[in-house]
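Engineer: Compact mmCIF, C-alpha atoms, saved as protein11.txt, coming up:
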# COMPACT_ATOMS: atom_id res chain seq x y z
CA MET A 103 107.67 59.88 -2.95
CA ARG A 104 107.16 60.31 -6.70
CA TYR A 105 106.28 56.64 -6.95
CA SER A 106 103.64 57.01 -4.27
CA LEU A 107 102.00 59.95 -6.03
CA LEU A 108 102.09 58.08 -9.32
CA ALA A 109 100.43 55.02 -7.76
CA ALA A 110 97.72 57.17 -6.19
CA ALA A 111 96.97 58.88 -9.49
CA LEU A 112 96.83 55.58 -11.27
CA GLY A 113 94.34 54.17 -8.65
CA VAL A 114 92.03 57.18 -9.00
CA ALA A 115 92.02 56.82 -12.77
CA LEU A 116 91.21 53.14 -12.63
CA GLY A 117 88.39 53.70 -10.05
CA THR A 118 86.78 56.33 -12.21
CA THR A 119 86.89 54.06 -15.20
CA SER A 120 85.29 51.18 -13.23
CA PHE A 121 82.51 53.43 -11.91
CA THR A 122 81.77 54.68 -15.40
CA ALA A 123 81.59 51.11 -16.71
CA ALA A 124 79.25 50.05 -13.86
CA ALA A 125 77.00 53.01 -14.54
CA ASP A 126 76.80 52.15 -18.21
CA SER A 127 75.91 48.51 -17.34
CA ARG A 128 73.03 49.60 -15.06
CA ASP A 129 71.64 51.91 -17.71
CA GLN A 130 71.65 49.05 -20.20
CA GLN A 131 69.83 46.72 -17.76
CA ILE A 132 67.20 49.36 -17.02
CA ALA A 133 66.64 49.86 -20.74
CA GLU A 134 66.24 46.14 -21.28
CA LEU A 135 63.72 45.90 -18.40
CA ARG A 136 61.74 48.77 -19.87
CA GLU A 137 61.62 46.99 -23.20
CA GLN A 138 60.41 43.78 -21.51
CA MET A 139 57.71 45.67 -19.58
CA ALA A 140 56.57 47.36 -22.75
CA ALA A 141 56.35 43.98 -24.48
CA MET A 142 54.36 42.52 -21.55
CA GLN A 143 51.94 45.44 -21.58
CA ALA A 144 51.42 44.93 -25.29
CA LYS A 145 50.66 41.23 -24.72
CA LEU A 146 48.23 42.09 -21.88
CA LEU A 147 46.39 44.51 -24.12
CA GLU A 148 46.21 41.86 -26.81
CA LEU A 149 44.87 39.26 -24.34
CA GLU A 150 42.25 41.71 -23.01
CA GLU A 151 41.08 42.41 -26.53
CA ARG A 152 40.83 38.66 -27.22
CA SER A 153 38.94 38.10 -23.93
CA ASP A 154 36.44 40.83 -24.76
CA ALA A 155 35.96 39.39 -28.21
CA GLN A 156 35.50 35.87 -26.79
CA SER A 157 33.01 37.14 -24.22
CA GLY A 158 31.03 38.66 -27.02
CA VAL A 159 31.13 35.35 -28.85
CA ASN A 160 30.06 33.49 -25.70
CA ILE A 161 27.17 35.87 -25.14
CA ASP A 162 26.09 35.53 -28.75
CA THR A 163 26.41 31.73 -28.53
CA ALA A 164 24.38 31.54 -25.31
CA GLY A 165 21.72 33.73 -26.84
CA ALA A 166 21.60 31.56 -29.93
CA LEU A 167 21.33 28.40 -27.79
CA ASP A 168 18.52 29.92 -25.70
CA LYS A 169 16.72 30.96 -28.83
CA LEU A 170 17.18 27.50 -30.30
CA ALA A 171 15.91 25.83 -27.13
CA ASN A 172 12.87 28.11 -26.90
CA ASN A 173 12.00 27.62 -30.53
CA SER A 174 12.55 23.87 -30.80
CA THR A 175 10.45 20.87 -29.94
CA LYS A 176 11.23 19.53 -26.46
CA VAL A 177 11.48 15.77 -25.86
CA GLU A 178 11.51 14.32 -22.34
CA THR A 179 12.03 10.67 -21.44
CA LYS A 180 11.91 10.73 -17.62
CA GLY A 181 9.37 8.10 -16.57
CA GLY A 182 7.88 7.92 -20.07
CA LEU A 183 7.89 9.79 -23.36
CA LYS A 184 6.69 13.40 -23.60
CA VAL A 185 6.93 15.76 -26.56
CA THR A 186 6.20 19.49 -26.28
CA SER A 187 6.06 21.92 -29.19
CA ALA A 188 8.27 25.02 -29.25
CA ASP A 189 5.34 27.32 -28.49
CA LYS A 190 4.13 24.98 -25.69
CA LYS A 191 0.66 24.86 -27.21
CA PHE A 192 0.86 21.16 -28.08
CA GLU A 193 1.85 18.24 -25.89
CA ALA A 194 1.77 14.47 -26.28
CA SER A 195 2.85 11.86 -23.77
CA LEU A 196 2.90 8.08 -23.97
CA GLY A 197 2.73 5.86 -20.90
CA GLY A 198 1.44 2.52 -19.81
CA ARG A 199 1.10 -0.11 -17.11
CA ILE A 200 1.52 -3.87 -16.78
CA HIS A 201 -0.07 -5.70 -13.83
CA PHE A 202 0.62 -9.44 -13.90
CA ASP A 203 -1.21 -11.48 -11.24
CA ALA A 204 -1.12 -15.05 -9.99
CA TYR A 205 -3.76 -16.64 -7.70
CA ALA A 206 -3.90 -19.73 -5.50
CA PHE A 207 -6.95 -20.65 -3.39
CA ASP A 208 -7.46 -22.15 0.03
CA ARG A 209 -10.66 -24.00 -0.90
CA ASP A 210 -13.75 -24.37 1.21
CA ILE A 211 -17.24 -24.91 -0.29
CA ALA A 212 -16.95 -22.97 -3.54
CA ASP A 213 -15.23 -24.52 -6.53
CA THR A 214 -12.09 -22.52 -7.30
CA THR A 215 -9.02 -22.97 -9.49
CA GLY A 216 -5.70 -21.16 -9.23
CA THR A 217 -4.58 -19.24 -12.28
CA SER A 218 -2.57 -16.30 -13.57
CA GLU A 219 -3.51 -13.37 -15.79
CA PHE A 220 -2.60 -9.94 -17.02
CA ARG A 221 -4.86 -7.92 -14.74
CA ARG A 222 -4.03 -4.79 -16.69
CA ALA A 223 -1.97 -4.17 -19.83
CA ARG A 224 -2.56 -0.57 -20.87
CA LEU A 225 -1.16 2.04 -23.19
CA THR A 226 -2.07 5.63 -22.46
CA LEU A 227 -1.83 8.61 -24.81
CA GLY A 228 -2.49 12.04 -23.38
CA GLY A 229 -1.65 15.67 -23.96
CA LYS A 230 -2.88 19.08 -25.05
CA ALA A 231 -3.90 20.68 -28.33
CA TYR A 232 -5.35 24.13 -29.01
CA GLY A 233 -6.02 24.70 -25.31
CA TRP A 234 -7.82 21.35 -24.84
CA GLU A 235 -6.58 18.32 -22.92
CA TYR A 236 -7.10 14.82 -24.24
CA LYS A 237 -6.58 11.26 -23.04
CA LEU A 238 -6.99 7.91 -24.75
CA GLU A 239 -6.33 4.68 -22.87
CA GLN A 240 -6.69 1.09 -24.02
CA ASP A 241 -6.48 -1.95 -21.74
CA PHE A 242 -5.48 -4.89 -23.93
CA SER A 243 -6.07 -7.35 -21.09
CA ALA A 244 -9.80 -6.54 -21.32
CA GLY A 245 -10.08 -6.62 -25.12
CA SER A 246 -8.66 -5.05 -28.23
CA ASN A 247 -11.83 -3.18 -29.20
CA LEU A 248 -14.28 -1.14 -27.13
CA ASP A 249 -14.19 -3.76 -24.37
CA GLY A 250 -10.76 -2.53 -23.38
CA LEU A 251 -11.44 1.20 -23.69
CA ARG A 252 -10.82 3.09 -20.45
CA ASP A 253 -10.38 6.86 -20.34
CA ALA A 254 -11.27 8.48 -23.66
CA TYR A 255 -12.09 12.15 -23.30
CA ILE A 256 -11.30 15.76 -24.02
CA ALA A 257 -11.20 18.42 -21.30
CA ARG A 258 -10.79 22.16 -20.90
CA SER A 259 -10.28 24.50 -17.98
CA ALA A 260 -13.09 27.05 -17.55
CA LEU A 261 -15.09 28.82 -14.84
CA GLY A 262 -12.43 28.09 -12.23
CA GLY A 263 -12.47 24.33 -12.85
CA LYS A 264 -12.22 21.74 -15.60
CA PHE A 265 -14.91 20.32 -17.88
CA THR A 266 -14.48 16.75 -19.15
CA ILE A 267 -16.43 15.24 -22.06
CA GLY A 268 -16.29 11.59 -23.07
CA HIS A 269 -15.64 8.26 -21.35
CA PHE A 270 -14.31 8.51 -17.77
CA LYS A 271 -15.06 7.62 -14.14
CA PRO A 272 -17.98 9.42 -12.49
CA TYR A 273 -17.01 11.51 -9.44
CA ARG A 274 -17.88 8.95 -6.76
CA ALA A 275 -16.06 6.62 -4.34
CA MET A 276 -12.60 7.65 -3.13
CA GLU A 277 -10.94 4.30 -3.75
CA GLU A 278 -12.58 4.09 -7.19
CA LEU A 279 -11.00 7.38 -8.23
CA THR A 280 -7.58 6.25 -6.99
CA SER A 281 -5.39 5.07 -9.86
CA SER A 282 -4.89 1.32 -10.11
CA ASN A 283 -1.15 2.05 -10.01
CA GLU A 284 -1.53 3.47 -6.49
CA LEU A 285 -4.00 1.08 -4.82
CA LEU A 286 -3.14 -0.14 -1.34
CA MET A 287 -4.37 -3.70 -2.01
CA MET A 288 -4.49 -5.60 -5.30
CA GLU A 289 -8.27 -5.12 -5.69
CA ARG A 290 -10.60 -2.30 -4.72
CA PRO A 291 -13.15 -2.72 -1.89
CA PHE A 292 -16.89 -3.41 -2.28
CA ALA A 293 -17.81 0.31 -2.19
CA THR A 294 -16.57 0.71 -5.79
CA ALA A 295 -17.08 -0.82 -9.23
CA THR A 296 -15.58 -4.00 -7.72
CA GLY A 297 -18.86 -4.42 -5.79
CA LEU A 298 -21.50 -1.73 -5.48
CA PHE A 299 -21.19 -0.53 -9.10
CA SER A 300 -20.32 -3.88 -10.59
CA GLY A 301 -19.29 -3.43 -14.23
CA ARG A 302 -20.04 0.31 -14.18
CA GLN A 303 -16.61 1.87 -13.73
CA PHE A 304 -16.27 4.11 -16.80
CA GLN A 305 -19.33 5.94 -18.18
CA GLN A 306 -20.01 8.26 -21.09
CA GLY A 307 -20.95 11.78 -20.09
CA VAL A 308 -19.91 15.27 -19.01
CA GLY A 309 -18.15 16.24 -15.79
CA TYR A 310 -17.02 19.39 -13.99
CA LEU A 311 -14.31 19.37 -11.32
CA ARG A 312 -13.10 22.30 -9.26
CA ALA A 313 -10.15 21.95 -6.91
CA GLY A 314 -8.03 24.08 -4.59
CA GLU A 315 -5.12 23.49 -2.25
CA ASN A 316 -7.28 21.52 0.19
CA TYR A 317 -10.67 20.88 -1.44
CA THR A 318 -12.40 19.38 -4.48
CA ALA A 319 -15.95 19.54 -5.79
CA GLY A 320 -16.99 17.43 -8.78
CA LEU A 321 -20.24 16.67 -10.58
CA SER A 322 -20.80 14.32 -13.51
CA VAL A 323 -23.85 13.45 -15.64
CA PHE A 324 -23.65 10.30 -17.74
CA ASN A 325 -25.38 7.70 -19.85
CA LEU A 326 -25.79 4.25 -18.30
CA ARG A 327 -24.22 2.85 -21.47
CA GLY A 328 -20.58 1.83 -21.27
CA ALA A 329 -18.32 1.95 -24.33
CA ALA A 330 -18.98 -1.68 -25.28
CA SER A 331 -22.34 -2.07 -23.58
CA SER A 332 -25.61 -2.71 -25.38
CA ARG A 333 -27.38 -0.24 -23.11
CA THR A 334 -28.96 2.52 -25.10
CA GLU A 335 -31.02 4.38 -22.54
CA GLY A 336 -30.93 5.43 -18.92
CA THR A 337 -29.05 8.24 -17.20
CA GLY A 338 -26.96 8.76 -14.11
CA MET A 339 -25.54 11.51 -11.95
CA ALA A 340 -22.76 11.51 -9.37
CA GLY A 341 -21.06 14.13 -7.23
CA ARG A 342 -18.27 14.28 -4.68
CA VAL A 343 -16.83 16.93 -2.35
CA THR A 344 -13.66 16.65 -0.27
CA TYR A 345 -11.85 18.80 2.28
CA ALA A 346 -8.40 18.40 3.82
CA PRO A 347 -8.18 20.55 7.01
CA ILE A 348 -4.59 19.33 7.52
CA ASN A 349 -2.28 18.96 4.53
CA ASP A 350 1.48 19.42 4.63
CA GLU A 351 4.53 17.36 3.68
CA ASN A 352 4.17 14.83 6.51
CA ARG A 353 0.52 15.04 7.58
CA THR A 354 -2.80 14.90 5.75
CA LEU A 355 -6.32 14.58 7.11
CA HIS A 356 -9.00 14.04 4.44
CA LEU A 357 -12.81 14.19 4.75
CA GLY A 358 -15.36 13.72 1.99
CA ALA A 359 -18.85 12.76 0.90
CA TRP A 360 -20.39 11.58 -2.36
CA PHE A 361 -23.63 10.43 -3.95
CA SER A 362 -24.66 8.46 -7.01
CA HIS A 363 -28.00 8.27 -8.82
CA GLU A 364 -28.66 5.78 -11.64
CA ASN A 365 -32.04 5.82 -13.36
CA ALA A 366 -32.65 2.72 -15.48
CA ASN A 367 -34.86 3.06 -18.52
CA LYS A 368 -36.14 0.98 -21.40
CA GLY A 369 -33.15 -0.78 -22.93
CA SER A 370 -30.93 -0.38 -19.87
CA GLY A 371 -28.94 -3.30 -18.57
CA ASP A 372 -29.37 -4.61 -15.03
CA LEU A 373 -27.79 -2.55 -12.24
CA SER A 374 -26.22 -5.04 -9.86
CA ALA A 375 -23.96 -5.12 -6.81
CA THR A 376 -21.72 -8.19 -6.82
CA ALA A 377 -18.89 -8.98 -4.41
CA ASN A 378 -15.86 -11.20 -5.12
CA TYR A 379 -15.43 -11.89 -1.42
CA ALA A 380 -12.39 -14.19 -1.79
CA GLY A 381 -10.46 -12.10 -4.30
CA ARG A 382 -10.48 -11.82 -8.06
CA ARG A 383 -11.22 -15.01 -10.03
CA GLY A 384 -12.63 -16.45 -6.81
CA PRO A 385 -16.27 -17.07 -5.82
CA SER A 386 -18.73 -14.17 -6.00
CA GLN A 387 -22.05 -13.31 -4.40
CA LYS A 388 -24.74 -11.05 -5.85
CA ILE A 389 -25.84 -8.59 -3.17
CA ALA A 390 -28.69 -6.78 -4.97
CA THR A 391 -30.05 -6.10 -8.46
CA THR A 392 -32.28 -3.53 -10.09
CA THR A 393 -33.36 -4.81 -13.51
CA GLY A 394 -33.20 -2.46 -16.45
CA ALA A 395 -36.69 -3.46 -17.53
CA SER A 396 -38.10 -2.26 -14.19
CA ARG A 397 -37.11 1.34 -14.97
CA SER A 398 -36.21 1.68 -11.31
CA GLN A 399 -33.38 3.58 -9.66
CA VAL A 400 -30.24 2.96 -7.64
CA ASP A 401 -29.31 5.70 -5.17
CA VAL A 402 -26.17 5.78 -3.04
CA TYR A 403 -25.03 8.21 -0.33
CA ALA A 404 -21.59 7.84 1.22
CA VAL A 405 -18.97 9.43 3.47
CA GLU A 406 -15.21 8.95 3.51
CA ALA A 407 -12.26 9.75 5.73
CA ALA A 408 -8.52 9.17 5.45
CA GLY A 409 -5.28 10.26 7.02
CA SER A 410 -1.57 9.95 6.32
CA PHE A 411 0.75 10.77 9.22
CA GLY A 412 4.40 9.97 8.69
CA PRO A 413 4.71 6.26 7.82
CA ALA A 414 1.13 5.42 8.91
CA PHE A 415 -1.95 5.54 6.65
CA LEU A 416 -5.66 4.90 7.31
CA GLN A 417 -8.69 5.15 5.00
CA ALA A 418 -12.40 4.27 5.30
CA GLU A 419 -15.67 4.67 3.38
CA TYR A 420 -19.28 3.94 4.29
CA ALA A 421 -22.02 3.78 1.64
CA ASP A 422 -25.79 3.34 1.98
CA ALA A 423 -27.53 2.26 -1.25
CA THR A 424 -31.13 1.70 -2.30
CA PHE A 425 -31.85 -0.69 -5.18
CA GLY A 426 -35.33 -0.05 -6.57
CA GLN A 427 -37.66 -3.03 -7.06
CA PRO A 428 -40.87 -2.93 -9.16
CA GLY A 429 -44.04 -3.73 -7.22
CA THR A 430 -42.22 -4.67 -4.01
CA ARG A 431 -40.06 -3.26 -1.27
CA ASP A 432 -36.80 -1.65 -2.36
CA GLN A 433 -33.62 -3.33 -1.19
CA ASP A 434 -31.25 -1.45 1.12
CA VAL A 435 -27.55 -2.27 0.88
CA THR A 436 -24.80 -1.00 3.18
CA THR A 437 -21.12 -1.46 2.52
CA TYR A 438 -18.04 -0.19 4.26
CA TYR A 439 -14.33 -0.86 4.55
CA VAL A 440 -11.42 0.18 6.74
CA GLN A 441 -7.90 -0.18 5.39
CA GLY A 442 -4.47 0.96 6.46
CA SER A 443 -0.76 0.55 5.99
CA LEU A 444 2.55 1.10 7.74
CA MET A 445 5.80 1.92 5.94
CA LEU A 446 8.64 -0.06 7.52
CA ASN A 447 11.75 1.80 6.34
CA GLY A 448 10.67 5.37 5.78
CA GLY A 449 8.27 6.68 3.18
CA HIS A 450 5.01 8.58 3.35
CA LYS A 451 1.86 8.37 1.24
CA GLY A 452 1.40 11.74 -0.44
CA TYR A 453 -1.88 13.47 -1.19
CA LYS A 454 -3.22 14.59 -4.57
CA ALA A 455 -5.12 17.73 -3.67
CA GLY A 456 -6.37 18.16 -7.25
CA THR A 457 -8.41 14.94 -7.12
CA GLY A 458 -8.76 14.30 -3.38
CA VAL A 459 -7.03 10.88 -3.32
CA PHE A 460 -3.75 9.50 -1.96
CA ALA A 461 -0.72 8.54 -4.01
CA SER A 462 2.04 5.97 -3.70
CA PRO A 463 5.00 6.94 -1.50
CA LYS A 464 8.13 8.41 -3.02
CA VAL A 465 10.70 5.68 -3.47
CA GLY A 466 14.42 6.27 -2.87
CA ASN A 467 17.48 4.26 -3.85
CA HIS A 468 16.90 1.44 -1.37
CA GLY A 469 13.21 0.69 -2.00
CA LEU A 470 10.33 0.70 0.48
CA TRP A 471 8.46 -2.00 2.40
CA GLU A 472 4.81 -1.56 3.39
CA LEU A 473 2.48 -3.71 5.50
CA THR A 474 -1.22 -3.48 4.54
CA ALA A 475 -4.57 -4.66 5.90
CA ARG A 476 -8.30 -4.19 5.18
CA TYR A 477 -11.68 -5.29 6.44
CA ASP A 478 -14.48 -5.16 3.85
CA SER A 479 -18.22 -5.74 4.29
CA ALA A 480 -21.36 -5.63 2.12
CA GLU A 481 -24.86 -6.34 3.50
CA ASN A 482 -28.32 -6.55 1.95
CA ASP A 483 -30.23 -5.30 5.00
CA THR A 484 -33.61 -6.04 3.41
CA LEU A 485 -32.86 -9.71 2.73
CA ASP A 486 -30.62 -10.00 5.79
CA TYR A 487 -27.49 -11.48 4.22
CA GLY A 488 -24.08 -10.33 3.14
CA VAL A 489 -20.39 -11.07 2.70
CA SER A 490 -17.19 -9.88 4.31
CA SER A 491 -13.44 -10.19 3.76
CA TRP A 492 -10.26 -9.86 5.75
CA LEU A 493 -7.19 -8.91 3.75
CA MET A 494 -3.53 -8.72 4.74
CA GLY A 495 -0.61 -7.90 2.51
CA VAL A 496 2.87 -6.57 1.94
CA ASN A 497 4.09 -4.24 -0.79
CA TYR A 498 7.68 -3.84 -1.92
CA TYR A 499 8.43 -0.69 -3.95
CA VAL A 500 11.64 -1.37 -5.88
CA ASN A 501 11.63 2.03 -7.60
CA PRO A 502 8.97 4.55 -8.72
CA SER A 503 7.91 2.24 -11.58
CA LEU A 504 8.25 -1.29 -10.19
CA ARG A 505 6.27 -2.79 -7.30
CA PHE A 506 5.58 -6.30 -5.99
CA MET A 507 2.36 -6.99 -4.04
CA LEU A 508 1.37 -10.02 -1.96
CA ASN A 509 -2.20 -10.32 -0.58
CA TYR A 510 -4.03 -12.92 1.45
CA THR A 511 -7.85 -12.68 1.46
CA LYS A 512 -10.16 -14.63 3.75
CA GLY A 513 -13.76 -14.43 2.58
CA ASP A 514 -16.99 -15.16 4.47
CA ASN A 515 -20.25 -15.67 2.57
CA GLU A 516 -23.28 -15.65 4.89
CA VAL A 517 -25.54 -16.94 2.09
CA THR A 518 -23.67 -20.18 1.38
CA GLY A 519 -21.43 -20.49 4.41
CA ASP A 520 -18.35 -20.52 2.18
CA LYS A 521 -15.08 -19.27 3.67
CA THR A 522 -12.64 -19.52 0.77
CA GLY A 523 -9.20 -17.95 1.09
CA GLN A 524 -6.90 -16.63 -1.62
CA TYR A 525 -3.16 -15.99 -2.01
CA ALA A 526 -2.42 -13.42 -4.70
CA LEU A 527 0.85 -12.05 -6.06
CA ARG A 528 1.27 -9.09 -8.42
CA THR A 529 4.20 -7.81 -10.43
CA GLN A 530 3.39 -4.20 -11.32
CA PHE A 531 5.26 -1.93 -13.69
CA ASN A 532 4.11 1.48 -14.91
CA TRP A 533 5.73 4.30 -16.80
Would you write the structure of this file as C-alpha cells?
Structural biologist:
Amino acid sequence: MRYSLLAAALGVALGTTSFTAAADSRDQQIAELREQMAAMQAKLLELEERSDAQSGVNIDTAGALDKLANNSTKVETKGGLKVTSADKKFEASLGGRIHFDAYAFDRDIADTTGTSEFRRARLTLGGKAYGWEYKLEQDFSAGSNLDGLRDAYIARSALGGKFTIGHFKPYRAMEELTSSNELLMMERPFATATGLFSGRQFQQGVGYLRAGENYTAGLSVFNLRGAASSRTEGTGMAGRVTYAPINDENRTLHLGAWFSHENANKGSGDLSATANYAGRRGPSQKIATTTGASRSQVDVYAVEAAGSFGPAFLQAEYADATFGQPGTRDQDVTTYYVQGSLMLNGGHKGYKAGTGVFASPKVGNHGLWELTARYDSAENDTLDYGVSSWLMGVNYYVNPSLRFMLNYTKGDNEVTGDKTGQYALRTQFNW
C-alpha cells in the first residue's frame, strides 16, 4: 500500500515537471515568432520607403525625358528624312524619286527606235520656316540647271486657304495635278502638259487654294515664261473647283471643272498642243498652235469626274480649247480620256481631299497587283484631224516606295495613217 502511494506521488511530480517544461518551450517559441514578425515588419517598412523613393526617381526621370524630348530636335527617317526643331517652328524634309523607263516599238509608218532613259531623277527639299512653307525640287533627268527645275516656291496659310508664290503647276487638269509617283499609266493623257499644254507644265506666278473635307477651289495667275524659257512677256490664268459628294474609306465620287486662259504677247513663245500618240519617245503629231508673235489667246474649259469604289477605279476628263489665229478662223480642239483600273488582290485608291486628286493604294506586306486601261483622244475640229490611243497595262506595287509598271500603247494618227505601237516598262522608286 505504501509503495502504491509512493508511486502515485512520484507520477504526479513528474507530470507537473513535464507540463512546466512544455509551457516554457511554448513561451520561447512564441517569443521567437514575435521577434521574426518584428524583423519582417521592419524589412517591409524599409522596402516601402525604397519603393516610394524609387517612384519619385522614376517620376523625376520621366519628367526629365519628356522635357528633353520636347526641347530637342526631332529626326524622323520613315519614308525619307525629316528634321523638326524643338519648338516645331522649323521643319526640313528630303525626298526624291527615280523613274527608269525602257521602250520598244511595234513599227508602222513612223520611224521609231527603242531606247531607255531616266524619265525622272529628282531630289526634293521641303519644309517650314517662320510660318512659311517652302519647296525646292530639281529633276536631274531634265537638266542640272533651270531646265530641271520643278516646284520652287514659298507658301503661307491665310484667309482660310493657302497662297503660293513661285514656280508651280497652275490649278488645271486633274491628271496634271496628280503626282507622277501616283499616275495610273506611265504617261499623262492629252488633256495635260503631255498634249494640250505641251511644254507648259510649271509656270511662275501666284496661286490661292482653299480646301475642305470634300471640296477644293484654286486660282492661279502666272507668267507664260517657264524657269528656263526665253519667254519674257505674256500672262495666264487658271482655276479649278472640285466636289466629292461621297467620300469615305472605301468609296469616293469626285466631280470637278476647270479653265485655263493664256494670253500671248510680244516675246512669248508659241503655244502648242502636241500629242505623243504612241507613247513617250515615239512619233508625235501637232494638233494646234497659237504663235507668240500673233499675240493671240488659248482658252480651255473642261469638266472631270472620277470614282473609287473598293478595288475599282474610273476617271475621265473632257476639255474644249480654242487656239487663236491672227487674221483667220480660230482653231477648236477637243480632247478627252477615260481610264480605269482594278486591284486584283485587295487595295483601294485613296483620295486626297486637300488637292482633289487620287493617290496610290496602300500597300501591305504581300504587294498589290493592278490592271489598267485608257482611251485617249485629241481632235482639231476646225482642220478635221486628230489622234487617238489605246493603252493597257499592269502595275505591281512591291511596297509603298517601289513599283513596276508595264504599258502597251496603240496609237492612231489620222493625219499620216500611222498606227505605231509601244511596249514600255518602268521601275519606279520614291521616298
Engineer: May I have the centre and edge lengths, in Å to one decimal, of an axis-aligned box around the listed atoms of stretch 440-456 of chain A with 3 Å added to every side, as JSON?
Structural biologist:
{"center_x": 0.2, "center_y": 9.0, "center_z": 0.2, "size_x": 29.2, "size_y": 24.3, "size_z": 21.0}
Engineer: Using only C-alpha atoms, which residue out of A:Pro502, A:Gly216, A:Gly409, A:Gly228 lies closest to A:Pro347?
Structural biologist: A:Gly409
Engineer: Rank A:Ala212, A:Ser362, A:Ala329, A:Gly469 by their smallest atom-to-atom distance to A:Gly245, using only C-alpha atoms, and report the top residue only.
Structural biologist: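 Going through A:Ala212, A:Ser362, A:Ala329, A:Gly469 one by one, the smallest distance to A:Gly245 is for A:Ala329.
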Engineer: For the point (-9.4, 20.4, -9.5) in the file's frame, write as an NGL selection string all residues with an atom no more than 8 Å away, counting all atoms listed in the file.
Structural biologist: :A and (263-264 or 311-314 or 318-319 or 455-457)
Engineer: Name the closest residue to A:Met445 among the candidates A:Leu473, A:Met142, A:Met494, A:Ala423; distances are taken between atoms, counting only C-alpha atoms.
Structural biologist: A:Leu473
Engineer: Could you tell me, as a PyMOL selection string, which residues have any atom at most 12 Å from (-13.3, 1.3, 8.2), counting all atoms listed in the file?
Structural biologist: chain A and resi 291+293+405-408+416-421+437-442+475-479+492
Engineer: Considering only C-alpha atoms, return as a list in words whatever protein or nucleic-acid residues lie within 9 Å of A:Gln387, sequence-local ones (same chain, fewer than 4 positions apart) excluded.
Structural biologist: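 What passes the distance filter is Ala375, Thr376, Ala377, Asn378, Tyr379, Gly488, Val489, Asn515 and Val517 of chain A.
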Engineer: Would you pick out the contacts of A:Trp533 at 10 Å or less, using all atoms listed in the file, so that residues sharing its chain but fewer than 4 positions from it are not included, and give the list as a list in words?
Structural biologist: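 So the residues in contact are Lys180, Gly181, Gly182, Leu183, Leu196, Gly197, Gly198, Arg199, Ile200, Leu225, Thr226, Asn283, Pro502, Ser503 and Leu504 of chain A.
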Engineer: Find the residue from A:Ser410, A:Asn482, A:Asn365, A:Ser187 that sits nearest to A:Ile389; use all atoms listed in the file when measuring.
Structural biologist: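 Looking only at the distances to A:Ile389, the closest residue turns out to be A:Asn482.
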Engineer: Write out as a PDB file with C-alpha atoms, keeping the file's coordinate frame each polymer residue whose atoms come within 6 Å of A:Ser243, counting all atoms listed in the file; drop sequence neighbours fewer than 5 positions from it.
Structural biologist:
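around04.pdb, written as the output of this step:
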ATOM      1  CA  PHE A 220      -2.600  -9.940 -17.020  1.00  0.00           C
ATOM      2  CA  ARG A 222      -4.030  -4.790 -16.690  1.00  0.00           C
ATOM      3  CA  ALA A 223      -1.970  -4.170 -19.830  1.00  0.00           C
TER       4      ALA A 223
END
Engineer: Atom CA of A:Phe304 to atom CA of A:Gly268: how many Å, to one decimal?
Structural biologist: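 Result for atom CA of A:Phe304 versus atom CA of A:Gly268: 9.8 Å, one decimal.
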Engineer: Pick out the closest residue to A:Gly371 from this set: A:Thr522, A:Ser281, A:Thr354, A:Asn325. Count only C-alpha atoms.
Structural biologist: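 Among the listed residues, the smallest separation from A:Gly371 belongs to A:Asn325.
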Engineer: List the spatial neighbours of A:Leu508 as a ChimeraX atom specification - criterion: any atom at most 10 Å away, all atoms listed in the file, same-chain residues fewer than 4 positions off excluded.
Structural biologist: /A:203-204,287-288,473-474,494-498,525-529
